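Asks: Just one file: input_8.txt, with compact mmCIF, C-alpha atoms and all ligand atoms.
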```
# COMPACT_ATOMS: atom_id res chain seq x y z
CA MET Q 1102 -20.80 -117.20 125.52
CA LYS Q 1103 -23.15 -115.62 122.94
CA ASP Q 1104 -21.45 -117.55 120.16
CA ALA Q 1105 -21.48 -120.78 122.19
CA ILE Q 1106 -25.23 -120.46 122.87
CA THR Q 1107 -26.00 -119.58 119.25
CA SER Q 1108 -24.02 -122.60 118.00
CA PHE Q 1109 -25.72 -124.81 120.58
CA VAL Q 1110 -29.17 -123.70 119.32
CA LYS Q 1111 -28.25 -124.21 115.67
CA GLU Q 1112 -26.86 -127.68 116.29
CA TYR Q 1113 -29.81 -128.69 118.44
CA VAL Q 1114 -32.32 -127.69 115.75
CA ASP Q 1115 -30.26 -129.32 113.03
CA LYS Q 1116 -30.24 -132.66 114.85
CA TYR Q 1117 -33.81 -132.56 116.18
CA PRO Q 1118 -35.70 -135.70 115.13
CA ALA Q 1119 -38.91 -134.65 113.32
CA GLU Q 1120 -40.69 -134.79 109.98
CA THR Q 1121 -40.61 -131.00 109.87
CA GLU Q 1122 -37.46 -129.20 108.74
CA TRP Q 1123 -36.45 -125.74 109.87
CA ARG Q 1124 -34.07 -123.22 108.32
CA THR Q 1125 -31.13 -121.96 110.40
CA PRO Q 1126 -32.47 -120.45 113.65
CA LEU Q 1127 -31.85 -116.87 114.72
CA VAL Q 1128 -30.81 -116.13 118.31
CA GLY Q 1129 -30.90 -112.76 120.07
CA PHE Q 1130 -29.99 -111.53 123.56
CA ALA Q 1131 -32.20 -108.91 125.23
CA GLU Q 1132 -31.33 -106.87 128.30
CA ALA Q 1133 -33.79 -108.13 130.95
CA ASN Q 1134 -33.86 -104.80 132.79
CA GLY Q 1135 -33.18 -102.55 129.81
CA GLU Q 1136 -35.29 -99.83 128.27
CA TYR Q 1137 -37.62 -102.12 126.28
CA LEU Q 1138 -38.32 -104.89 128.78
CA SER Q 1139 -38.55 -102.66 131.84
CA LYS Q 1140 -41.51 -101.03 130.04
CA ILE Q 1141 -43.08 -104.31 128.87
CA ARG Q 1142 -46.23 -103.70 130.94
CA GLN Q 1143 -46.74 -100.27 129.42
CA ILE Q 1144 -46.09 -101.62 125.92
CA THR Q 1145 -48.46 -104.61 126.31
CA ASP Q 1146 -50.67 -104.69 129.41
CA ALA Q 1147 -50.43 -104.60 133.21
CA ASN Q 1148 -50.62 -108.41 133.47
CA HIS Q 1149 -47.51 -109.13 131.43
CA ALA Q 1150 -44.84 -110.89 133.52
CA GLU Q 1151 -41.36 -109.42 133.94
CA PRO Q 1152 -38.13 -111.41 133.48
CA ARG Q 1153 -37.44 -110.99 137.24
CA GLN Q 1154 -40.60 -112.98 137.97
CA VAL Q 1155 -39.05 -115.89 136.08
CA ILE Q 1156 -35.75 -115.65 137.97
CA PRO Q 1157 -35.11 -112.87 140.52
CA ASP Q 1158 -31.58 -112.16 139.28
CA ALA Q 1159 -32.53 -111.99 135.57
CA GLU Q 1160 -29.98 -110.23 133.36
CA THR Q 1161 -30.70 -111.53 129.87
CA VAL Q 1162 -33.58 -112.98 127.87
CA ILE Q 1163 -32.38 -115.34 125.17
CA ALA Q 1164 -34.88 -115.30 122.30
CA PHE Q 1165 -34.88 -117.61 119.28
CA PHE Q 1166 -36.73 -117.76 115.96
CA LEU Q 1167 -37.24 -121.08 114.18
CA PRO Q 1168 -37.90 -120.22 110.51
CA PHE Q 1169 -40.01 -122.61 108.45
CA THR Q 1170 -38.81 -123.80 105.03
CA GLU Q 1171 -40.04 -122.30 101.77
CA GLU Q 1172 -41.81 -125.57 100.94
CA LEU Q 1173 -43.79 -125.57 104.19
CA CYS Q 1174 -44.59 -121.89 103.92
CA MET Q 1175 -45.74 -122.01 100.27
CA GLY Q 1176 -47.68 -125.22 100.91
CA ASN Q 1177 -49.88 -123.33 103.36
CA ALA Q 1178 -50.42 -120.40 101.02
CA LYS Q 1179 -53.69 -121.46 99.44
CA PRO Q 1180 -57.20 -120.64 100.69
CA GLY Q 1181 -59.02 -123.04 103.04
CA ALA Q 1182 -57.86 -124.89 106.10
CA GLU Q 1183 -54.17 -125.07 106.90
CA SER Q 1184 -52.07 -127.62 105.03
CA GLN Q 1185 -51.45 -130.94 106.77
CA ALA Q 1186 -47.72 -130.22 106.82
CA TRP Q 1187 -48.51 -126.91 108.62
CA ALA Q 1188 -50.48 -128.83 111.26
CA VAL Q 1189 -47.64 -131.31 111.76
CA ALA Q 1190 -45.11 -128.46 111.91
CA TYR Q 1191 -47.24 -126.74 114.55
CA GLU Q 1192 -47.15 -129.77 116.85
CA GLU Q 1193 -43.52 -130.64 116.20
CA THR Q 1194 -42.37 -127.03 116.61
CA ASN Q 1195 -44.22 -126.79 119.94
CA ASN Q 1196 -42.23 -129.83 121.07
CA LEU Q 1197 -39.01 -128.38 119.71
CA ILE Q 1198 -39.56 -125.03 121.46
CA LYS Q 1199 -40.08 -126.83 124.77
CA ASP Q 1200 -37.17 -129.27 124.35
CA LEU Q 1201 -34.76 -126.64 123.05
CA SER Q 1202 -35.66 -124.20 125.84
CA CYS Q 1203 -35.03 -126.91 128.47
CA ALA Q 1204 -31.75 -127.79 126.76
CA ILE Q 1205 -30.61 -124.13 126.83
CA VAL Q 1206 -31.44 -123.98 130.55
CA GLU Q 1207 -29.39 -127.14 131.20
CA PHE Q 1208 -26.51 -125.83 129.05
CA LEU Q 1209 -26.38 -122.63 131.15
CA LYS Q 1210 -26.81 -124.39 134.48
CA LYS Q 1211 -23.89 -126.72 133.73
CA GLN Q 1212 -21.71 -123.62 133.48
CA GLY Q 1213 -22.92 -122.24 136.80
CA TRP Q 1214 -25.58 -119.79 135.64
CA HIS Q 1215 -29.23 -119.53 136.68
CA ALA Q 1216 -31.79 -120.01 133.94
CA ALA Q 1217 -35.48 -120.85 133.63
CA LEU Q 1218 -38.37 -121.09 131.18
CA PRO Q 1219 -41.13 -118.47 131.33
CA ASP Q 1220 -43.64 -121.34 131.08
CA PRO Q 1221 -46.00 -120.37 133.91
CA TYR Q 1222 -46.90 -117.29 131.85
CA THR Q 1223 -46.83 -118.41 128.22
CA ASN Q 1224 -50.20 -120.13 127.76
CA TYR Q 1225 -53.22 -118.01 126.94
CA GLU Q 1226 -56.60 -117.75 128.62
CA GLU Q 1227 -59.51 -118.61 126.31
CA GLU Q 1228 -61.63 -115.63 127.42
CA VAL Q 1229 -59.05 -112.97 126.59
CA LEU Q 1230 -56.87 -114.81 124.04
CA ARG Q 1231 -53.80 -113.27 125.62
CA SER Q 1232 -50.87 -114.68 127.54
CA ARG Q 1233 -48.75 -113.08 130.25
CA TRP Q 1234 -45.53 -113.63 128.32
CA SER Q 1235 -44.93 -112.56 124.74
CA HIS Q 1236 -42.14 -114.49 123.02
CA ARG Q 1237 -42.47 -111.96 120.18
CA HIS Q 1238 -41.78 -108.95 122.37
CA MET Q 1239 -38.77 -110.78 123.87
CA ALA Q 1240 -37.48 -111.35 120.33
CA ALA Q 1241 -38.20 -107.73 119.39
CA ALA Q 1242 -36.28 -106.56 122.48
CA ALA Q 1243 -33.43 -108.85 121.39
CA GLY Q 1244 -33.24 -107.12 118.00
CA LEU Q 1245 -34.57 -110.06 115.98
CA GLY Q 1246 -37.35 -108.19 114.19
CA THR Q 1247 -40.26 -105.76 114.08
CA PHE Q 1248 -44.04 -106.33 114.12
CA GLY Q 1249 -45.86 -106.46 110.78
CA ILE Q 1250 -49.46 -105.51 110.07
CA ASN Q 1251 -50.07 -109.28 110.14
CA GLN Q 1252 -49.05 -109.15 113.86
CA MET Q 1253 -46.13 -111.51 113.18
CA LEU Q 1254 -42.63 -110.49 114.15
CA ILE Q 1255 -40.70 -110.07 110.88
CA THR Q 1256 -37.00 -110.99 110.99
CA LYS Q 1257 -34.28 -110.98 108.34
CA GLU Q 1258 -35.43 -114.58 107.67
CA GLY Q 1259 -39.07 -113.51 107.41
CA CYS Q 1260 -41.97 -114.16 109.78
CA CYS Q 1261 -43.07 -117.68 108.79
CA GLY Q 1262 -41.85 -119.61 111.82
CA ARG Q 1263 -42.05 -119.71 115.58
CA TYR Q 1264 -40.49 -118.08 118.66
CA GLY Q 1265 -39.28 -119.13 122.08
CA SER Q 1266 -37.42 -117.49 124.97
CA VAL Q 1267 -35.45 -118.33 128.11
CA VAL Q 1268 -34.41 -116.10 131.05
CA THR Q 1269 -30.93 -116.22 132.62
CA ASN Q 1270 -28.63 -114.30 134.97
CA LEU Q 1271 -25.80 -114.55 132.42
CA PRO Q 1272 -24.68 -111.02 131.53
CA VAL Q 1273 -23.70 -110.50 127.87
CA GLU Q 1274 -23.31 -107.66 125.41
CA TRP Q 1275 -27.00 -107.20 124.70
CA ASP Q 1276 -28.52 -106.81 121.24
CA LYS Q 1277 -30.58 -103.68 120.62
CA PRO Q 1278 -34.12 -103.48 119.19
CA LEU Q 1279 -34.18 -102.70 115.45
CA GLN Q 1280 -34.87 -99.09 114.58
CA ARG Q 1281 -36.38 -99.52 111.10
CA GLU Q 1282 -39.73 -101.15 110.39
CA LEU Q 1283 -39.51 -104.29 108.23
CA CYS Q 1284 -43.21 -104.35 107.21
CA LEU Q 1285 -43.87 -102.80 103.79
CA TYR Q 1286 -47.08 -101.15 104.93
CA LYS Q 1287 -45.57 -99.71 108.09
CA ARG Q 1288 -42.53 -98.34 106.24
CA LEU Q 1289 -43.94 -97.41 102.82
CA GLY Q 1290 -47.73 -97.60 103.08
CA THR Q 1291 -47.84 -100.38 100.45
CA CYS Q 1292 -48.60 -104.14 100.28
CA LEU Q 1293 -51.37 -105.21 102.72
CA ARG Q 1294 -51.26 -108.68 101.15
CA CYS Q 1295 -51.78 -110.21 104.61
CA ALA Q 1296 -55.02 -108.25 105.17
CA SER Q 1297 -56.31 -109.24 101.73
CA VAL Q 1298 -55.87 -113.01 102.33
CA CYS Q 1299 -57.20 -113.03 105.91
CA PRO Q 1300 -60.40 -115.11 105.69
CA THR Q 1301 -62.28 -113.28 108.47
CA GLY Q 1302 -61.20 -109.67 108.09
CA ALA Q 1303 -59.36 -109.96 111.42
CA LEU Q 1304 -56.44 -107.99 109.98
CA ARG Q 1305 -56.90 -104.38 109.00
CA PRO Q 1306 -54.36 -101.61 108.49
CA ASP Q 1307 -55.63 -99.97 111.69
CA GLY Q 1308 -55.68 -103.06 113.91
CA TYR Q 1309 -56.17 -106.75 114.56
CA ASP Q 1310 -59.18 -108.53 116.07
CA ARG Q 1311 -57.90 -111.64 117.88
CA PHE Q 1312 -61.45 -112.96 118.40
CA LEU Q 1313 -62.24 -112.86 114.65
CA CYS Q 1314 -58.91 -114.54 114.01
CA ASN Q 1315 -59.75 -117.23 116.54
CA GLU Q 1316 -63.08 -117.83 114.72
CA ALA Q 1317 -61.10 -118.69 111.58
CA LEU Q 1318 -58.93 -121.07 113.59
CA CYS Q 1319 -62.02 -122.82 115.01
CA ARG Q 1320 -63.65 -123.02 111.58
CA ASN Q 1321 -60.49 -124.62 110.23
CA GLU Q 1322 -60.62 -127.19 113.01
CA GLU Q 1323 -63.98 -128.39 111.58
CA LEU Q 1324 -62.73 -128.28 107.97
CA TYR Q 1325 -59.55 -130.08 108.94
CA ASN Q 1326 -61.39 -132.87 110.71
CA GLN Q 1327 -63.47 -133.58 107.59
CA GLU Q 1328 -60.32 -134.64 105.71
CA PRO Q 1329 -58.58 -138.00 106.04
CA HIS Q 1330 -55.26 -137.79 107.88
CA VAL Q 1331 -52.12 -139.71 107.14
CA TYR Q 1332 -49.93 -138.24 109.84
CA LYS Q 1333 -49.57 -141.18 112.21
CA GLY Q 1334 -51.25 -139.50 115.15
CA LEU Q 1335 -48.88 -136.53 115.04
CA VAL Q 1336 -51.74 -134.03 114.94
CA PRO Q 1337 -54.53 -134.14 117.54
CA GLN Q 1338 -58.17 -133.73 116.42
CA ASP Q 1339 -58.62 -130.38 118.18
CA THR Q 1340 -55.81 -128.63 116.26
CA ASP Q 1341 -57.05 -125.18 115.20
CA LEU Q 1342 -54.71 -123.27 112.91
CA CYS Q 1343 -54.52 -120.91 109.93
CA GLY Q 1344 -51.37 -118.83 109.33
CA LYS Q 1345 -52.44 -117.59 105.87
CA CYS Q 1346 -51.19 -114.10 106.83
CA SER Q 1347 -47.64 -115.44 107.17
CA SER Q 1348 -47.62 -117.90 104.24
CA GLY Q 1349 -46.67 -116.76 100.73
CA MET Q 1350 -46.32 -113.12 101.84
CA PRO Q 1351 -43.44 -110.85 100.77
CA CYS Q 1352 -42.34 -110.88 104.43
CA SER Q 1353 -42.72 -114.67 104.94
CA LEU Q 1354 -39.21 -115.90 104.13
CA ARG Q 1355 -37.12 -112.74 104.28
CA ALA Q 1356 -37.36 -109.12 105.32
CA PRO Q 1357 -39.09 -107.48 102.34
CA ILE Q 1358 -37.10 -104.24 102.78
C1 LIG C 1401 -52.74 -115.94 122.38
C2 LIG C 1401 -52.06 -116.40 121.13
C3 LIG C 1401 -52.85 -116.47 119.97
C4 LIG C 1401 -54.28 -115.92 119.91
C5 LIG C 1401 -54.21 -114.38 119.74
C6 LIG C 1401 -53.13 -113.95 118.75
C7 LIG C 1401 -52.70 -112.49 118.83
N1 LIG C 1401 -52.03 -112.04 117.78
O1 LIG C 1401 -52.94 -111.79 119.78
C8 LIG C 1401 -54.84 -116.70 118.68
C9 LIG C 1401 -55.39 -118.04 119.19
C10 LIG C 1401 -55.93 -115.98 117.90
C11 LIG C 1401 -53.55 -116.95 117.92
C12 LIG C 1401 -53.47 -117.09 116.54
C13 LIG C 1401 -52.28 -117.32 115.87
N2 LIG C 1401 -51.10 -117.62 116.40
CO1 LIG C 1401 -50.70 -117.44 118.27
N3 LIG C 1401 -50.12 -117.19 120.03
C14 LIG C 1401 -50.69 -116.75 121.10
C15 LIG C 1401 -49.69 -116.75 122.29
C16 LIG C 1401 -49.91 -118.04 123.11
C17 LIG C 1401 -49.74 -115.54 123.20
C18 LIG C 1401 -49.76 -114.18 122.46
C19 LIG C 1401 -49.98 -113.08 123.48
O2 LIG C 1401 -51.08 -112.87 123.95
N4 LIG C 1401 -48.91 -112.42 123.91
C20 LIG C 1401 -49.01 -111.29 124.80
C21 LIG C 1401 -49.22 -110.03 123.95
C22 LIG C 1401 -49.22 -108.82 124.84
O3 LIG C 1401 -48.11 -109.93 123.06
P1 LIG C 1401 -48.08 -110.32 121.50
O4 LIG C 1401 -49.39 -110.88 121.10
O5 LIG C 1401 -46.90 -111.19 121.28
O6 LIG C 1401 -47.83 -108.91 120.88
C23 LIG C 1401 -48.87 -108.10 120.34
C24 LIG C 1401 -49.16 -106.78 121.02
O7 LIG C 1401 -48.27 -106.53 122.04
C25 LIG C 1401 -49.16 -105.74 119.88
N5 LIG C 1401 -48.04 -104.77 119.91
C26 LIG C 1401 -46.84 -104.82 119.32
N6 LIG C 1401 -46.14 -103.73 119.54
C27 LIG C 1401 -46.93 -102.95 120.27
C28 LIG C 1401 -46.69 -101.68 120.75
C29 LIG C 1401 -47.71 -101.08 121.51
C30 LIG C 1401 -47.46 -99.74 122.03
C31 LIG C 1401 -48.94 -101.78 121.76
C32 LIG C 1401 -50.04 -101.18 122.56
C33 LIG C 1401 -49.14 -103.06 121.25
C34 LIG C 1401 -48.13 -103.61 120.51
O8 LIG C 1401 -48.99 -106.44 118.69
C35 LIG C 1401 -48.38 -107.66 118.98
C36 LIG C 1401 -48.76 -108.65 117.92
O9 LIG C 1401 -50.16 -108.95 117.99
C37 LIG C 1401 -48.31 -116.77 121.52
C38 LIG C 1401 -47.17 -117.50 122.28
C39 LIG C 1401 -46.56 -116.57 123.33
N7 LIG C 1401 -46.72 -116.86 124.58
O10 LIG C 1401 -45.95 -115.57 122.96
C40 LIG C 1401 -48.68 -117.46 120.20
C41 LIG C 1401 -48.04 -116.89 118.91
C42 LIG C 1401 -48.20 -115.40 118.91
N8 LIG C 1401 -48.87 -117.45 117.87
C43 LIG C 1401 -48.23 -117.74 116.79
C44 LIG C 1401 -48.84 -118.18 115.59
C45 LIG C 1401 -47.91 -118.75 114.52
C46 LIG C 1401 -50.24 -118.09 115.41
C47 LIG C 1401 -51.07 -118.36 114.16
C48 LIG C 1401 -50.39 -118.17 112.79
C49 LIG C 1401 -51.77 -119.74 114.23
C50 LIG C 1401 -51.10 -120.87 113.48
N9 LIG C 1401 -50.01 -121.40 114.08
O11 LIG C 1401 -51.51 -121.26 112.41
C51 LIG C 1401 -52.19 -117.31 114.37
C52 LIG C 1401 -51.72 -115.91 113.88
C53 LIG C 1401 -52.56 -114.78 114.37
C54 LIG C 1401 -51.92 -113.42 114.18
N10 LIG C 1401 -51.97 -112.87 112.97
O12 LIG C 1401 -51.34 -112.89 115.15
C55 LIG C 1401 -46.74 -117.49 116.93
C56 LIG C 1401 -46.34 -116.24 116.14
C57 LIG C 1401 -45.01 -116.41 115.44
C58 LIG C 1401 -44.59 -115.20 114.65
N11 LIG C 1401 -43.92 -115.50 113.54
O13 LIG C 1401 -44.79 -114.06 115.03
C59 LIG C 1401 -46.60 -117.35 118.51
C60 LIG C 1401 -45.54 -116.36 118.98
C61 LIG C 1401 -46.28 -118.77 119.05
C62 LIG C 1401 -44.81 -119.16 118.93
N12 LIG C 1401 -44.30 -119.82 119.95
O14 LIG C 1401 -44.15 -118.90 117.96
N13 LIG C 1401 -52.48 -116.95 118.74
S1 LIG C 1402 -47.79 -108.92 104.00
FE1 LIG C 1402 -47.07 -106.82 103.57
S2 LIG C 1402 -48.35 -105.47 104.87
FE2 LIG C 1402 -48.59 -107.57 105.63
S3 LIG C 1402 -47.06 -107.72 107.29
FE3 LIG C 1402 -46.09 -108.49 105.42
S4 LIG C 1402 -45.05 -106.70 104.53
FE4 LIG C 1402 -46.50 -105.95 106.06
S1 LIG C 1403 -54.13 -116.46 111.24
FE1 LIG C 1403 -55.68 -116.47 109.58
S2 LIG C 1403 -57.52 -115.50 110.49
FE2 LIG C 1403 -55.79 -115.04 111.85
S3 LIG C 1403 -55.07 -113.03 111.16
FE3 LIG C 1403 -53.85 -114.57 110.05
S4 LIG C 1403 -54.97 -114.92 108.12
FE4 LIG C 1403 -56.37 -113.86 109.52
```
Do you think you could lay out the structure here as structure tokens?
Ligand code: B12
Ligand code: SF4
Ligand code: SF4
Replies:
Amino acid sequence: MKDAITSFVKEYVDKYPAETEWRTPLVGFAEANGEYLSKIRQITDANHAEPRQVIPDAETVIAFFLPFTEELCMGNAKPGAESQAWAVAYEETNNLIKDLSCAIVEFLKKQGWHAALPDPYTNYEEEVLRSRWSHRHMAAAAGLGTFGINQMLITKEGCCGRYGSVVTNLPVEWDKPLQRELCLYKRLGTCLRCASVCPTGALRPDGYDRFLCNEALCRNEELYNQEPHVYKGLVPQDTDLCGKCSSGMPCSLRAPI
């Protein structure tokens, strides 16, 4: 079943109608009640939802990573507001995450399994800039990657891309979290390229300030709206983005070590 689900995801992304292109997705399978996810509240905070709140008989969390292309990633690697292609990719990848997650649920249900999206928990509250469901921790539990200083989850295909996850009662041979850090700073004490390009100083070797980061996103919204757009209504006016810390970095398109 793992192979069938992985092939299903790859084919779905390959055929998805959009201007954006994605590299081959990665798929991982985390044990819903295993060591990592049973401690998710200790690892993150007391409000984080557990897979069993999504479906009571949860066995597995299927996590996927949708890696952006080199062209998209490098196109966003200059100072200033995000590139227009980055803004389009943001919107189209949000749609893809939703559509693909629903398609995985349907795929599983057709074969008699329970499955559901963690959607009631994934959006964040403006006051705390935190959600009750971390796709990144699901992917980390599924062995897809480790957290970089830039706060992105770095996979073997890098960190420039997006995550999604689905909960099911399908039991499989679960993947294990990676044991070795993939961030150059965390492993070797070198690099810090992400911190040096961050426009607000939100990223530091000793931590990340989500409110400073959000200021950069809001500032970019103003910058972005001053430019003429040619994207046929694909990007709404209130789009606030950045992503400089995951564009053009040694960890953007591949694991740097
Ligand atoms: C809230 C939110 C924001 C907030 C706060 C971001 C933040 N880093 O906290 C704001 C609006 C500022 C924001 C900005 C961005 N975001 Co955002 N955001 C989210 C959202 C909706 C929820 C994140 C969350 O609160 N999760 C709950 C917390 C508990 O988990 P976490 O943040 O995933 O994990 C952190 C902590 O647990 C901690 N951590 C890790 N290990 C450990 C261990 C211990 C012991 C402890 C205490 C903590 C700890 O570090 C982790 C990373 O910050 C997610 C989608 C989702 N639902 O997952 C997208 C998401 C995180 N965003 C994403 C992106 C791409 C961005 C931007 C690049 C914007 C853009 N698209 O241009 C920037 C990048 C900022 C950055 N460097 O992190 C992607 C990240 C993809 C990736 N490759 O990792 C996500 C996963 C969306 C997606 N579907 O792919 N975002
Ligand atoms: S740019 Fe360097 S320090 Fe920053 S997350 Fe990537 S590897 Fe780590
Ligand atoms: S998204 Fe931009 S502001 Fe936020 S941490 Fe990354 S580089 Fe800094």
Asks: Dump the neighbourhood of ligand LIG 1403 (chain C) as a VMD selection string: all residues within 8 Å, distances computed on only C-alpha atoms and all ligand atoms.
Replies: chain Q and resid 1251 to 1252 1295 to 1296 1298 to 1304 1309 to 1311 1313 to 1318 1342 to 1347
Asks: How close does chain Q get to ligand LIG 1402 (chain C)? List, as a tab-separated table, each residue of chain Q within 12 Å, its nearest atom pair and the distance in Å to one decimal, counting all atoms listed in the file.
Replies:
```
residue	atom	partner	partner_atom	distance
Q:Gly1246	CA	C:LIG1402	S3	11.9
Q:Thr1247	CA	C:LIG1402	S3	9.8
Q:Phe1248	CA	C:LIG1402	S3	7.6
Q:Gly1249	CA	C:LIG1402	S3	3.9
Q:Ile1250	CA	C:LIG1402	S3	4.3
Q:Asn1251	CA	C:LIG1402	S3	4.4
Q:Gln1252	CA	C:LIG1402	S3	7.0
Q:Met1253	CA	C:LIG1402	S3	7.1
Q:Leu1254	CA	C:LIG1402	S3	8.6
Q:Ile1255	CA	C:LIG1402	S3	7.7
Q:Thr1256	CA	C:LIG1402	FE3	11.0
Q:Gly1259	CA	C:LIG1402	FE3	8.9
Q:Cys1260	CA	C:LIG1402	FE3	8.3
Q:Cys1261	CA	C:LIG1402	FE3	10.2
Q:Glu1282	CA	C:LIG1402	FE4	9.4
Q:Leu1283	CA	C:LIG1402	S4	7.1
Q:Cys1284	CA	C:LIG1402	FE4	3.8
Q:Leu1285	CA	C:LIG1402	S4	4.1
Q:Tyr1286	CA	C:LIG1402	S2	4.5
Q:Lys1287	CA	C:LIG1402	FE4	6.6
Q:Arg1288	CA	C:LIG1402	FE4	8.6
Q:Leu1289	CA	C:LIG1402	S2	9.4
Q:Gly1290	CA	C:LIG1402	S2	8.1
Q:Thr1291	CA	C:LIG1402	S2	6.8
Q:Cys1292	CA	C:LIG1402	FE1	4.5
Q:Leu1293	CA	C:LIG1402	S2	3.7
Q:Arg1294	CA	C:LIG1402	S1	4.5
Q:Cys1295	CA	C:LIG1402	S1	4.2
Q:Ala1296	CA	C:LIG1402	FE2	6.5
Q:Ser1297	CA	C:LIG1402	FE2	8.8
Q:Val1298	CA	C:LIG1402	S1	9.2
Q:Cys1299	CA	C:LIG1402	FE2	10.2
Q:Leu1304	CA	C:LIG1402	FE2	9.0
Q:Arg1305	CA	C:LIG1402	FE2	9.5
Q:Pro1306	CA	C:LIG1402	S2	8.0
Q:Asp1307	CA	C:LIG1402	S2	11.4
Q:Gly1308	CA	C:LIG1402	FE2	11.8
Q:Tyr1309	CA	C:LIG1402	S3	11.7
Q:Gly1344	CA	C:LIG1402	S1	11.8
Q:Lys1345	CA	C:LIG1402	S1	10.0
Q:Cys1346	CA	C:LIG1402	S1	6.8
Q:Ser1347	CA	C:LIG1402	S1	7.3
Q:Ser1348	CA	C:LIG1402	S1	9.0
Q:Gly1349	CA	C:LIG1402	S1	8.6
Q:Met1350	CA	C:LIG1402	S1	4.9
Q:Pro1351	CA	C:LIG1402	S1	5.8
Q:Cys1352	CA	C:LIG1402	FE3	4.6
Q:Ser1353	CA	C:LIG1402	FE3	7.1
Q:Leu1354	CA	C:LIG1402	FE3	10.2
Q:Arg1355	CA	C:LIG1402	S4	10.0
Q:Ala1356	CA	C:LIG1402	S4	8.1
Q:Pro1357	CA	C:LIG1402	S4	6.4
Q:Ile1358	CA	C:LIG1402	S4	8.5
```
Asks: May I ask for the distance between atom O4 of ligand LIG 1401 (chain C) and atom CA of Leu1173 of chain Q, given in Å to one decimal place?
Replies: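 A separation of 23.1 Å between them.
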Asks: So what do you get for atom O10 of ligand LIG 1401 (chain C) versus atom CA of Ile1144 of chain Q, distance-wise?
Replies: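 Going from atom O10 of ligand LIG 1401 (chain C) over to atom CA of Ile1144 of chain Q, I get 14.3 Å.
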Asks: Q:Ala1178, Q:Met1102, Q:Leu1271, Q:Ala1131: which is nearest ligand LIG 1401 (chain C), counting only C-alpha atoms and all ligand atoms?
Replies: Q:Ala1178
Asks: Within 8 Å of segment 1156-1158 of chain Q, counting all atoms listed in the file, which residues show up once you throw out same-chain ones fewer than 6 positions away? Write them as a PyMOL selection string, please.
Replies: chain Q and resi 1215-1217+1268-1270
Asks: Pull C-alpha atoms from the residues just selected and write them as a JSON list (two decimals), in the frame of the given file.
Replies:
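The new file part_19.json reads:
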```
[["chain", "number", "residue", "atom", "x", "y", "z"],
["Q", 1215, "HIS", "CA", -29.23, -119.53, 136.68],
["Q", 1216, "ALA", "CA", -31.79, -120.01, 133.94],
["Q", 1217, "ALA", "CA", -35.48, -120.85, 133.63],
["Q", 1268, "VAL", "CA", -34.41, -116.10, 131.05],
["Q", 1269, "THR", "CA", -30.93, -116.22, 132.62],
["Q", 1270, "ASN", "CA", -28.63, -114.30, 134.97]]
```
